[in-house]
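> The structure file query.cif (mmCIF, C-alpha atoms) is provided below.
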```
data_input
loop_
_atom_site.label_atom_id
_atom_site.label_comp_id
_atom_site.auth_asym_id
_atom_site.auth_seq_id
_atom_site.Cartn_x
_atom_site.Cartn_y
_atom_site.Cartn_z
CA MET V 20 -14.12 -5.95 -32.00
CA ALA V 21 -14.16 -9.34 -30.26
CA VAL V 22 -11.15 -11.48 -31.12
CA ILE V 23 -12.32 -14.33 -28.85
CA GLU V 24 -15.91 -15.51 -28.48
CA VAL V 25 -16.92 -18.33 -26.13
CA ASP V 26 -20.53 -19.49 -25.91
CA GLU V 27 -21.93 -22.14 -23.55
CA LEU V 28 -18.58 -23.94 -23.22
CA CYS V 29 -18.79 -27.24 -21.32
CA LYS V 30 -16.12 -29.74 -20.33
CA LYS V 31 -16.42 -32.73 -18.00
CA TYR V 32 -13.91 -35.13 -16.51
CA ASP V 33 -15.19 -38.40 -15.03
CA GLY V 34 -18.70 -36.99 -15.03
CA ARG V 35 -17.71 -33.84 -13.13
CA ALA V 36 -18.28 -30.51 -14.87
CA VAL V 37 -15.01 -28.57 -14.95
CA LEU V 38 -16.64 -25.95 -17.19
CA ASP V 39 -20.39 -25.50 -17.00
CA ARG V 40 -21.84 -23.43 -19.89
CA VAL V 41 -19.17 -20.73 -19.74
CA SER V 42 -19.60 -17.70 -22.03
CA PHE V 43 -17.44 -14.61 -22.51
CA SER V 44 -15.70 -12.53 -25.17
CA VAL V 45 -12.33 -10.77 -25.39
CA GLU V 46 -11.95 -7.46 -27.19
CA GLU V 47 -9.08 -6.59 -29.47
CA GLY V 48 -6.16 -4.91 -27.71
CA GLU V 49 -7.20 -5.57 -24.11
CA VAL V 50 -5.61 -7.53 -21.31
CA PHE V 51 -8.36 -9.94 -20.33
CA GLY V 52 -7.96 -11.68 -17.00
CA ILE V 53 -9.21 -15.12 -16.08
CA LEU V 54 -9.11 -15.23 -12.28
CA GLY V 55 -9.91 -18.04 -9.91
CA PRO V 56 -8.48 -20.53 -7.44
CA ASN V 57 -6.76 -23.72 -8.53
CA GLY V 58 -9.29 -26.17 -9.89
CA ALA V 59 -11.79 -23.46 -10.92
CA GLY V 60 -11.57 -24.35 -14.63
CA LYS V 61 -9.31 -21.50 -15.78
CA THR V 62 -6.62 -23.53 -17.50
CA THR V 63 -9.13 -25.93 -19.05
CA ALA V 64 -10.98 -22.98 -20.60
CA VAL V 65 -7.79 -21.52 -22.03
CA GLU V 66 -6.65 -24.89 -23.38
CA CYS V 67 -9.95 -25.09 -25.27
CA LEU V 68 -9.20 -21.67 -26.74
CA GLU V 69 -5.72 -22.79 -27.74
CA GLY V 70 -7.02 -25.95 -29.40
CA LEU V 71 -5.29 -28.21 -26.87
CA ARG V 72 -8.56 -29.65 -25.50
CA ARG V 73 -11.81 -30.57 -27.19
CA PRO V 74 -14.94 -29.14 -25.52
CA ASP V 75 -17.84 -31.47 -24.82
CA SER V 76 -20.24 -28.81 -26.08
CA GLY V 77 -20.46 -25.11 -26.84
CA THR V 78 -18.63 -22.99 -29.39
CA VAL V 79 -15.25 -21.29 -29.34
CA ARG V 80 -13.95 -18.78 -31.88
CA VAL V 81 -10.47 -17.27 -31.75
CA LEU V 82 -9.75 -14.66 -34.43
CA GLY V 83 -12.86 -15.95 -36.18
CA SER V 84 -11.62 -19.55 -36.32
CA ASP V 85 -12.48 -22.79 -34.54
CA PRO V 86 -9.26 -23.75 -32.69
CA LEU V 87 -9.77 -27.44 -33.49
CA GLU V 88 -10.89 -27.20 -37.11
CA GLN V 89 -8.45 -24.47 -38.15
CA GLY V 90 -5.79 -25.22 -35.58
CA ARG V 91 -2.76 -25.15 -37.85
CA GLY V 92 -3.57 -21.80 -39.38
CA LEU V 93 -4.62 -20.34 -36.04
CA ARG V 94 -1.39 -21.35 -34.34
CA GLU V 95 0.42 -19.01 -36.74
CA ARG V 96 -1.56 -16.12 -35.21
CA ILE V 97 -1.44 -16.87 -31.47
CA GLY V 98 1.29 -17.16 -28.87
CA VAL V 99 1.09 -19.48 -25.89
CA GLN V 100 2.90 -19.61 -22.56
CA LEU V 101 1.63 -22.73 -20.83
CA GLN V 102 1.18 -23.08 -17.07
CA HIS V 103 3.85 -25.79 -16.84
CA THR V 104 6.25 -24.78 -19.61
CA ARG V 105 9.54 -26.64 -19.52
CA LEU V 106 12.60 -26.72 -21.75
CA PRO V 107 15.60 -29.05 -21.78
CA GLU V 108 17.98 -27.98 -19.02
CA THR V 109 20.93 -27.78 -21.43
CA ILE V 110 19.33 -25.80 -24.26
CA LYS V 111 20.74 -22.29 -24.61
CA VAL V 112 18.54 -19.22 -24.69
CA TRP V 113 19.32 -18.42 -28.32
CA GLU V 114 18.80 -22.05 -29.33
CA ALA V 115 15.32 -22.10 -27.78
CA LEU V 116 14.32 -18.91 -29.60
CA ASP V 117 15.78 -20.15 -32.88
CA LEU V 118 13.92 -23.46 -32.49
CA TYR V 119 10.57 -21.82 -31.76
CA ALA V 120 11.03 -19.38 -34.65
CA SER V 121 11.35 -22.37 -37.00
CA PHE V 122 7.76 -23.36 -36.17
CA TYR V 123 6.35 -20.27 -37.93
CA SER V 124 6.26 -19.18 -41.56
CA GLY V 125 6.80 -15.51 -40.69
CA PRO V 126 8.48 -15.27 -37.28
CA ARG V 127 9.94 -12.20 -35.65
CA ASP V 128 13.70 -11.82 -35.52
CA TRP V 129 14.58 -13.65 -32.33
CA ARG V 130 17.72 -11.53 -32.00
CA GLU V 131 15.50 -8.49 -31.61
CA LEU V 132 13.53 -10.34 -28.94
CA LEU V 133 16.75 -11.01 -27.02
CA GLU V 134 17.31 -7.27 -26.86
CA ARG V 135 13.70 -6.31 -26.14
CA TRP V 136 13.29 -8.75 -23.27
CA GLY V 137 16.66 -8.15 -21.63
CA LEU V 138 18.17 -11.53 -22.50
CA VAL V 139 21.24 -10.46 -24.49
CA ASP V 140 23.59 -11.23 -21.60
CA GLN V 141 21.95 -14.66 -21.22
CA ARG V 142 22.13 -15.48 -24.93
CA ASN V 143 24.48 -18.44 -24.39
CA THR V 144 23.20 -19.40 -20.93
CA ARG V 145 21.63 -22.82 -20.60
CA PHE V 146 17.98 -22.93 -19.50
CA GLY V 147 18.79 -24.75 -16.27
CA LYS V 148 21.08 -21.91 -15.18
CA LEU V 149 18.52 -19.13 -15.60
CA SER V 150 16.85 -17.46 -12.64
CA GLY V 151 13.07 -17.63 -12.26
CA GLY V 152 12.62 -14.12 -13.65
CA GLN V 153 14.93 -14.83 -16.60
CA LYS V 154 12.98 -17.97 -17.42
CA GLN V 155 9.72 -16.01 -17.44
CA ARG V 156 11.23 -13.41 -19.79
CA LEU V 157 12.31 -16.23 -22.06
CA PHE V 158 8.83 -17.81 -21.98
CA ILE V 159 7.27 -14.48 -22.97
CA ALA V 160 9.78 -14.09 -25.79
CA LEU V 161 8.96 -17.62 -26.99
CA ALA V 162 5.24 -16.81 -26.92
CA LEU V 163 5.90 -13.73 -29.07
CA VAL V 164 8.42 -15.13 -31.55
CA GLY V 165 5.65 -15.99 -34.02
CA ASP V 166 4.47 -12.33 -34.02
CA PRO V 167 1.02 -13.26 -32.64
CA GLU V 168 -2.16 -11.23 -32.59
CA VAL V 169 -3.26 -12.89 -29.34
CA ALA V 170 -1.01 -14.13 -26.52
CA PHE V 171 -2.15 -16.58 -23.81
CA LEU V 172 -0.14 -16.26 -20.59
CA ASP V 173 -1.03 -18.88 -17.98
CA GLU V 174 0.05 -18.39 -14.33
CA LEU V 175 2.95 -16.25 -15.47
CA THR V 176 4.37 -15.27 -12.08
CA THR V 177 3.80 -18.38 -9.96
CA GLY V 178 6.92 -19.11 -7.92
CA LEU V 179 8.58 -15.74 -8.52
CA ASP V 180 9.79 -13.42 -5.77
CA PRO V 181 7.99 -10.05 -5.38
CA GLN V 182 10.57 -8.10 -7.39
CA ALA V 183 10.56 -10.61 -10.25
CA ARG V 184 6.73 -10.58 -10.26
CA ARG V 185 6.60 -6.81 -10.65
CA THR V 186 9.26 -6.88 -13.36
CA THR V 187 7.17 -9.46 -15.21
CA TRP V 188 4.09 -7.24 -14.87
CA GLU V 189 5.95 -4.49 -16.70
CA LEU V 190 6.77 -6.95 -19.47
CA VAL V 191 3.08 -7.80 -19.87
CA LYS V 192 2.29 -4.10 -20.16
CA ARG V 193 4.86 -3.84 -22.93
CA VAL V 194 3.27 -6.76 -24.78
CA ARG V 195 -0.08 -4.99 -24.67
CA ALA V 196 1.54 -1.71 -25.80
CA GLU V 197 2.78 -3.52 -28.91
CA GLY V 198 -0.83 -4.15 -29.91
CA VAL V 199 -1.08 -7.77 -28.81
CA THR V 200 -4.32 -8.88 -27.15
CA VAL V 201 -3.42 -10.70 -23.93
CA VAL V 202 -5.39 -13.38 -22.11
CA LEU V 203 -3.87 -13.60 -18.64
CA VAL V 204 -4.70 -16.57 -16.43
CA SER V 205 -3.94 -15.97 -12.76
CA HIS V 206 -4.92 -16.76 -9.19
CA PHE V 207 -3.21 -13.62 -7.88
CA MET V 208 -5.67 -10.84 -7.06
CA ASP V 209 -3.08 -8.05 -7.08
CA GLU V 210 -1.79 -9.16 -10.46
CA VAL V 211 -5.23 -8.98 -12.04
CA GLU V 212 -5.95 -5.58 -10.47
CA GLU V 213 -2.64 -4.24 -11.80
CA LEU V 214 -2.79 -5.57 -15.36
CA CYS V 215 -6.28 -6.36 -16.57
CA ASP V 216 -8.83 -4.19 -18.35
CA ARG V 217 -11.55 -6.74 -17.61
CA VAL V 218 -11.63 -9.95 -15.63
CA ALA V 219 -13.80 -13.07 -15.60
CA VAL V 220 -13.99 -14.55 -12.10
CA PHE V 221 -14.14 -18.36 -12.27
CA ASP V 222 -15.39 -20.50 -9.40
CA ARG V 223 -16.23 -24.21 -9.56
CA GLY V 224 -16.45 -24.29 -13.34
CA ASP V 225 -18.61 -21.21 -13.77
CA ILE V 226 -18.08 -17.48 -14.33
CA VAL V 227 -19.56 -15.76 -11.29
CA ALA V 228 -18.77 -12.21 -12.48
CA LEU V 229 -17.22 -10.36 -15.41
CA ASP V 230 -16.27 -6.69 -15.24
CA THR V 231 -13.34 -4.34 -14.79
CA PRO V 232 -11.45 -4.95 -11.52
CA ALA V 233 -12.80 -1.69 -10.13
CA GLY V 234 -16.30 -2.55 -11.34
CA LEU V 235 -16.23 -5.90 -9.56
CA ILE V 236 -15.19 -4.28 -6.31
CA ASP V 237 -17.64 -1.39 -6.52
CA GLY V 238 -20.48 -3.67 -7.60
CA VAL V 239 -20.12 -5.80 -4.49
CA ASP V 240 -19.39 -3.15 -1.86
CA PRO V 241 -19.70 0.44 -3.07
CA GLU V 242 -18.84 1.95 0.32
CA TYR V 243 -15.47 2.12 2.03
CA ARG V 244 -13.88 3.92 4.96
CA MET V 245 -11.38 6.69 5.49
CA GLY V 246 -9.93 7.92 8.76
CA PHE V 247 -7.47 10.45 10.15
CA ARG V 248 -6.45 12.30 13.32
CA LEU V 249 -6.94 16.07 13.47
CA MET V 250 -3.83 18.12 14.16
CA ASP V 251 -3.01 21.81 14.40
CA VAL V 252 0.22 23.78 14.52
CA GLY V 253 0.57 26.30 17.28
CA ALA V 254 2.51 29.53 17.31
CA SER V 255 5.61 27.71 18.52
CA GLY V 256 5.52 25.48 15.47
CA THR V 257 4.85 22.34 17.46
CA SER V 258 1.87 20.14 16.71
CA ARG V 259 -1.06 20.12 19.09
CA THR V 260 -4.44 18.44 18.89
CA SER V 261 -7.11 20.63 17.32
CA ARG V 262 -10.25 21.10 19.45
CA THR V 263 -11.90 23.70 17.27
CA SER V 264 -12.26 22.07 13.82
CA GLU V 265 -15.71 20.83 12.90
CA PRO V 266 -15.18 17.98 10.40
CA GLU V 267 -18.88 17.17 10.16
CA ALA V 268 -19.67 20.65 8.81
CA LEU V 269 -16.61 20.75 6.58
CA LEU V 270 -16.86 17.27 5.07
CA GLY V 271 -20.42 16.05 5.51
CA ASN V 272 -21.79 17.56 2.28
CA LEU V 273 -18.91 16.60 -0.02
CA PRO V 274 -19.73 14.41 -3.04
CA GLY V 275 -19.68 10.73 -2.16
CA VAL V 276 -19.48 11.19 1.62
CA ALA V 277 -22.17 9.16 3.38
CA THR V 278 -21.32 9.66 7.07
CA VAL V 279 -18.80 11.55 9.19
CA SER V 280 -18.16 10.72 12.83
CA ARG V 281 -15.69 12.03 15.38
CA THR V 282 -14.37 10.51 18.57
CA GLY V 283 -11.94 12.85 20.26
CA ASP V 284 -9.38 13.76 17.62
CA ARG V 285 -10.15 10.78 15.41
CA VAL V 286 -12.43 11.32 12.38
CA GLU V 287 -13.98 8.43 10.48
CA LEU V 288 -15.80 8.73 7.16
CA VAL V 289 -17.79 6.30 5.04
CA GLY V 290 -18.34 7.06 1.39
CA ARG V 291 -18.55 5.96 -2.20
CA GLY V 292 -16.68 6.54 -5.42
CA ASP V 293 -13.76 8.98 -5.31
CA PHE V 294 -14.85 10.61 -2.06
CA ALA V 295 -11.36 10.30 -0.52
CA THR V 296 -9.99 12.72 -3.11
CA GLU V 297 -12.78 15.18 -2.32
CA VAL V 298 -12.03 14.93 1.40
CA THR V 299 -8.27 15.48 1.09
CA ALA V 300 -8.83 18.43 -1.27
CA ALA V 301 -11.25 20.06 1.21
CA LEU V 302 -8.83 19.59 4.09
CA ALA V 303 -6.05 21.20 2.04
CA ARG V 304 -8.23 24.17 1.06
CA GLU V 305 -9.11 24.85 4.70
CA HIS V 306 -5.52 24.28 5.86
CA VAL V 307 -6.61 21.53 8.21
CA LEU V 308 -3.63 19.42 9.20
CA VAL V 309 -4.17 15.69 9.78
CA ALA V 310 -2.06 12.72 10.77
CA ASP V 311 -2.40 8.94 10.50
CA LEU V 312 -4.56 9.22 7.40
CA ARG V 313 -5.65 5.87 6.00
CA VAL V 314 -8.11 4.60 3.45
CA ASP V 315 -9.40 1.07 3.91
CA SER V 316 -8.95 -0.25 0.42
CA ARG V 317 -11.38 -2.82 -0.83
CA SER V 318 -10.00 -5.62 -2.93
CA LEU V 319 -10.89 -8.42 -5.29
CA ASP V 320 -10.57 -10.77 -2.31
CA ASP V 321 -13.55 -9.01 -0.74
CA ALA V 322 -15.44 -9.17 -4.04
CA PHE V 323 -14.69 -12.89 -4.41
CA VAL V 324 -16.09 -13.67 -0.96
CA ALA V 325 -19.23 -11.67 -1.66
CA LEU V 326 -19.73 -13.29 -5.07
CA THR V 327 -19.10 -16.91 -4.07
CA GLY V 328 -19.89 -17.10 -0.37
CA HIS V 329 -16.44 -18.42 0.54
CA SER V 330 -12.91 -17.09 0.71
CA PHE V 331 -10.41 -17.44 -2.10
CA GLN V 332 -8.10 -19.41 0.18
CA ALA V 333 -10.88 -21.84 1.11
CA ALA V 334 -11.56 -22.40 -2.59
CA GLU V 335 -7.86 -23.05 -3.18
CA ASN V 336 -7.69 -25.59 -0.35
CA GLY V 337 -10.74 -27.47 -1.57
CA ALA V 338 -9.97 -27.38 -5.26
CA GLY V 339 -8.09 -30.61 -5.61
CA SER V 340 -6.42 -31.08 -8.98
#
```
Could you render the structure as structure tokens?

Amino acid sequence: MAVIEVDELCKKYDGRAVLDRVSFSVEEGEVFGILGPNGAGKTTAVECLEGLRRPDSGTVRVLGSDPLEQGRGLRERIGVQLQHTRLPETIKVWEALDLYASFYSGPRDWRELLERWGLVDQRNTRFGKLSGGQKQRLFIALALVGDPEVAFLDELTTGLDPQARRTTWELVKRVRAEGVTVVLVSHFMDEVEELCDRVAVFDRGDIVALDTPAGLIDGVDPEYRMGFRLMDVGASGTSRTSRTSEPEALLGNLPGVATVSRTGDRVELVGRGDFATEVTAALAREHVLVADLRVDSRSLDDAFVALTGHSFQAAENGAGS
């Protein structure tokens, strides 16, 4: 069941279309990603969903309601973590949660949220003294204190170190496991691949593709490469290069394998789908030892270039505000 429906959404600033007839839907219980470089229209789209901006045209329905016409009632059912969330530097963690809980008629127990999001030890810590990761945990807790059905998380991990980013990813997975539908706005490819069931790729105010992360990658470039070096173990137990194995005969007819080539001891394969699993299983069955095995992984970066005709970084640099 769709909990969010967007049809032909348009928004202009100074005559420039930030959103140009954007349409998509979000299903109940999924993590839906909105991916794109800065200036692509991501945050504007989400702010229209949250009732913070008025579209120029098009329709938006969140949980069956118009965010502008039924904004007060809808805000009781959604949670929001804004891109540039700030709190007073001196407010304590428990004070912030208690304050946000007062905005709702039926909030969750914020004391339980302290425990769930690992903030018990920071209960009396002032906001300005929190680390980046602790602040993000607090922002998620604040977005959930109203016990929402849908949570909007905008650029959740910007500015965090790698460890804090991955910790935050696990928190998002926990939010989804609690039955909350999540709309995740991001310009990090790895984040979207890790967390999202489906993703809408925004570029210059338009959605250029909408699919699962794997579907986007496979739809653009269904083939990828795998390579390894053939090895054998002699009677002495030391490794020596195998001259007798015939990888073309062994691997050429496996499902998904398109081509097999050999140069000396190096074997290169091109294939589709889950062919790498088929190849490694066949090598194991025949007791063929290999070294330096690698699979050239395709990514959403590759898909973005193919879909838009320019790199993600180039789009970021030319986005402006």
> For a quick check of understanding, using all atoms listed in the file, which of V:Leu82, V:Val25, V:Val50, V:Val41 has the smallest distance to V:Val191?
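Among the listed residues, the smallest separation from V:Val191 belongs to V:Val50.
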> So what does the PyMOL selection byres ((chain V and resi 42) around 7) actually pick up in this one, as a list in words?
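So the PyMOL selection byres ((chain V and resi 42) around 7), applied here, picks out Val25, Asp26, Glu27, Leu28, Arg40, Val41 and Phe43 of chain V.
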> What residues come out when you apply the PyMOL selection byres ((chain V and resi 157) around 9) to this file, written as a list in words?
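On the file shown, the PyMOL selection byres ((chain V and resi 157) around 9) covers Val112, Ala115, Leu116, Leu133, Trp136, Leu138, Gly152, Gln153, Lys154, Gln155, Arg156, Phe158, Ile159, Ala160, Leu161 and Ala162 of chain V.
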> Quick one: everything within 9 Å of V:Thr109, counting all atoms listed in the file, minus sequence neighbours fewer than 6 positions away in the same chain. Send it as a list of chain:residue names.
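Skipping anything fewer than 6 positions along the chain leaves V:Thr144, V:Arg145, V:Phe146, V:Gly147, V:Lys148.
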> Once the PyMOL selection byres ((chain V and resi 66) around 12) has been evaluated on this model, what residues remain selected, and can you format them as a VMD selection string?
chain V and resid 28 30 38 60 to 65 67 to 74 79 81 86 to 87 99 to 102 171 to 173 202 204
> List the neighbours of V:Val199 out to 12 Å using only C-alpha atoms; skip same-chain residues closer than 6 positions along the sequence, and give me the result as a list of chain:residue names.
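Near V:Val199, the qualifying residues are V:Val22, V:Glu46, V:Glu47, V:Gly48, V:Glu49, V:Val50, V:Phe51, V:Arg96, V:Ile97, V:Gly98, V:Ala162, V:Leu163, V:Gly165, V:Asp166, V:Pro167, V:Glu168, V:Val169, V:Ala170, V:Phe171, V:Leu172, V:Val191, V:Lys192, V:Arg193.
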> So what do you get for atom CA of V:Leu54 versus atom CA of V:Ala219, distance-wise?
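Atom CA of V:Ala219 lies 6.1 Å from atom CA of V:Leu54.
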> Check the smallest atom-to-atom distance from each of V:Ser318, V:Asn272, V:Ser280, V:Thr104 to V:Gly234 using all atoms listed in the file, then report the winner.
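Checking each of V:Ser318, V:Asn272, V:Ser280, V:Thr104 against V:Gly234, counting all atoms listed in the file, the winner is V:Ser318.
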> Using all atoms listed in the file, pick whichever of V:Leu326, V:Leu302, V:Leu214, V:Ile236 has the shortest atom-to-atom distance to V:Glu189.
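Once distances to V:Glu189 are computed over all atoms listed in the file, the minimum belongs to V:Leu214.
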> Restricting the calculation to all atoms listed in the file: of V:Arg91, V:Arg317, V:Arg135, V:Lys31, which residue gets closest to V:Glu212?
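Result for the nearest residue to V:Glu212: V:Arg317.
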> Would you compute the distance between atom CA of V:Phe122 and atom CA of V:Glu88? Give it in Å to one decimal.
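If I compute the distance from atom CA of V:Phe122 to atom CA of V:Glu88, I get 19.1 Å.
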> In Å, how far is it from atom CA of V:Arg313 to atom CA of V:Ala268?
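Atom-to-atom, atom CA of V:Arg313 and atom CA of V:Ala268 are spaced 20.6 Å apart.
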> Which is closest to V:Leu149 among V:Leu106, V:Leu175, V:Met208, V:Ala228, if we use all atoms listed in the file?
V:Leu106
> If you count all atoms listed in the file, which residues fall within 10 Å of stretch 285-288 of chain V, apart from same-chain ones fewer than 3 positions away, as a VMD selection string?
chain V and resid 243 to 250 266 to 267 270 to 271 276 to 282 294 to 295 298 309 to 314
> Box for stretch 239-249 of chain V - axis-aligned, 3 Å on each of the six sides, all listed atoms - centre and size in Å to one decimal, as AutoDock Vina command-line options.

```
--center_x -13.3 --center_y 5.1 --center_z 4.5 --size_x 19.7 --size_y 27.9 --size_z 24.0
```
> Could you write stretch 147-169 of chain V of the block just shown to a file containing N, CA and C atoms, as an mmCIF file, in the first residue's frame?

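Contents of out.cif, as written:
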```cif
data_model
loop_
_atom_site.group_PDB
_atom_site.id
_atom_site.type_symbol
_atom_site.label_atom_id
_atom_site.label_comp_id
_atom_site.auth_asym_id
_atom_site.auth_seq_id
_atom_site.Cartn_x
_atom_site.Cartn_y
_atom_site.Cartn_z
ATOM 1 N N GLY V 147 25.657 21.076 22.781
ATOM 2 C CA GLY V 147 26.929 21.547 22.236
ATOM 3 C C GLY V 147 28.107 20.664 22.590
ATOM 4 N N LYS V 148 27.956 19.784 23.558
ATOM 5 C CA LYS V 148 29.041 18.911 23.990
ATOM 6 C C LYS V 148 28.956 17.517 23.370
ATOM 7 N N LEU V 149 27.913 17.254 22.595
ATOM 8 C CA LEU V 149 27.754 15.942 21.986
ATOM 9 C C LEU V 149 28.674 15.782 20.781
ATOM 10 N N SER V 150 29.095 14.550 20.526
ATOM 11 C CA SER V 150 29.838 14.259 19.305
ATOM 12 C C SER V 150 28.879 14.249 18.128
ATOM 13 N N GLY V 151 29.441 14.202 16.911
ATOM 14 C CA GLY V 151 28.589 14.183 15.722
ATOM 15 C C GLY V 151 27.657 12.984 15.705
ATOM 16 N N GLY V 152 28.175 11.802 16.053
ATOM 17 C CA GLY V 152 27.346 10.609 16.074
ATOM 18 C C GLY V 152 26.269 10.670 17.137
ATOM 19 N N GLN V 153 26.596 11.232 18.302
ATOM 20 C CA GLN V 153 25.603 11.372 19.372
ATOM 21 C C GLN V 153 24.495 12.343 18.971
ATOM 22 N N LYS V 154 24.869 13.406 18.276
ATOM 23 C CA LYS V 154 23.851 14.342 17.796
ATOM 24 C C LYS V 154 22.902 13.669 16.818
ATOM 25 N N GLN V 155 23.441 12.846 15.913
ATOM 26 C CA GLN V 155 22.584 12.166 14.954
ATOM 27 C C GLN V 155 21.645 11.189 15.646
ATOM 28 N N ARG V 156 22.125 10.493 16.683
ATOM 29 C CA ARG V 156 21.240 9.600 17.438
ATOM 30 C C ARG V 156 20.132 10.392 18.112
ATOM 31 N N LEU V 157 20.482 11.563 18.617
ATOM 32 C CA LEU V 157 19.466 12.413 19.231
ATOM 33 C C LEU V 157 18.455 12.883 18.198
ATOM 34 N N PHE V 158 18.917 13.280 17.013
ATOM 35 C CA PHE V 158 17.995 13.747 15.973
ATOM 36 C C PHE V 158 17.029 12.637 15.558
ATOM 37 N N ILE V 159 17.531 11.399 15.466
ATOM 38 C CA ILE V 159 16.637 10.288 15.136
ATOM 39 C C ILE V 159 15.617 10.086 16.242
ATOM 40 N N ALA V 160 16.074 10.137 17.494
ATOM 41 C CA ALA V 160 15.154 9.979 18.618
ATOM 42 C C ALA V 160 14.091 11.078 18.606
ATOM 43 N N LEU V 161 14.483 12.301 18.281
ATOM 44 C CA LEU V 161 13.520 13.404 18.212
ATOM 45 C C LEU V 161 12.509 13.191 17.087
ATOM 46 N N ALA V 162 12.983 12.611 15.966
ATOM 47 C CA ALA V 162 12.075 12.336 14.848
ATOM 48 C C ALA V 162 11.089 11.233 15.188
ATOM 49 N N LEU V 163 11.432 10.380 16.164
ATOM 50 C CA LEU V 163 10.577 9.245 16.507
ATOM 51 C C LEU V 163 9.763 9.453 17.775
ATOM 52 N N VAL V 164 9.968 10.552 18.471
ATOM 53 C CA VAL V 164 9.309 10.728 19.765
ATOM 54 C C VAL V 164 7.795 10.834 19.636
ATOM 55 N N GLY V 165 7.303 11.243 18.476
ATOM 56 C CA GLY V 165 5.857 11.317 18.256
ATOM 57 C C GLY V 165 5.244 10.002 17.827
ATOM 58 N N ASP V 166 6.042 8.907 17.799
ATOM 59 C CA ASP V 166 5.583 7.582 17.369
ATOM 60 C C ASP V 166 5.024 7.639 15.953
ATOM 61 N N PRO V 167 5.831 8.080 14.975
ATOM 62 C CA PRO V 167 5.329 8.317 13.616
ATOM 63 C C PRO V 167 5.138 7.035 12.823
ATOM 64 N N GLU V 168 4.320 7.147 11.783
ATOM 65 C CA GLU V 168 4.164 6.073 10.815
ATOM 66 C C GLU V 168 5.178 6.226 9.676
ATOM 67 N N VAL V 169 5.577 7.467 9.402
ATOM 68 C CA VAL V 169 6.551 7.760 8.362
ATOM 69 C C VAL V 169 7.612 8.693 8.943
#
```
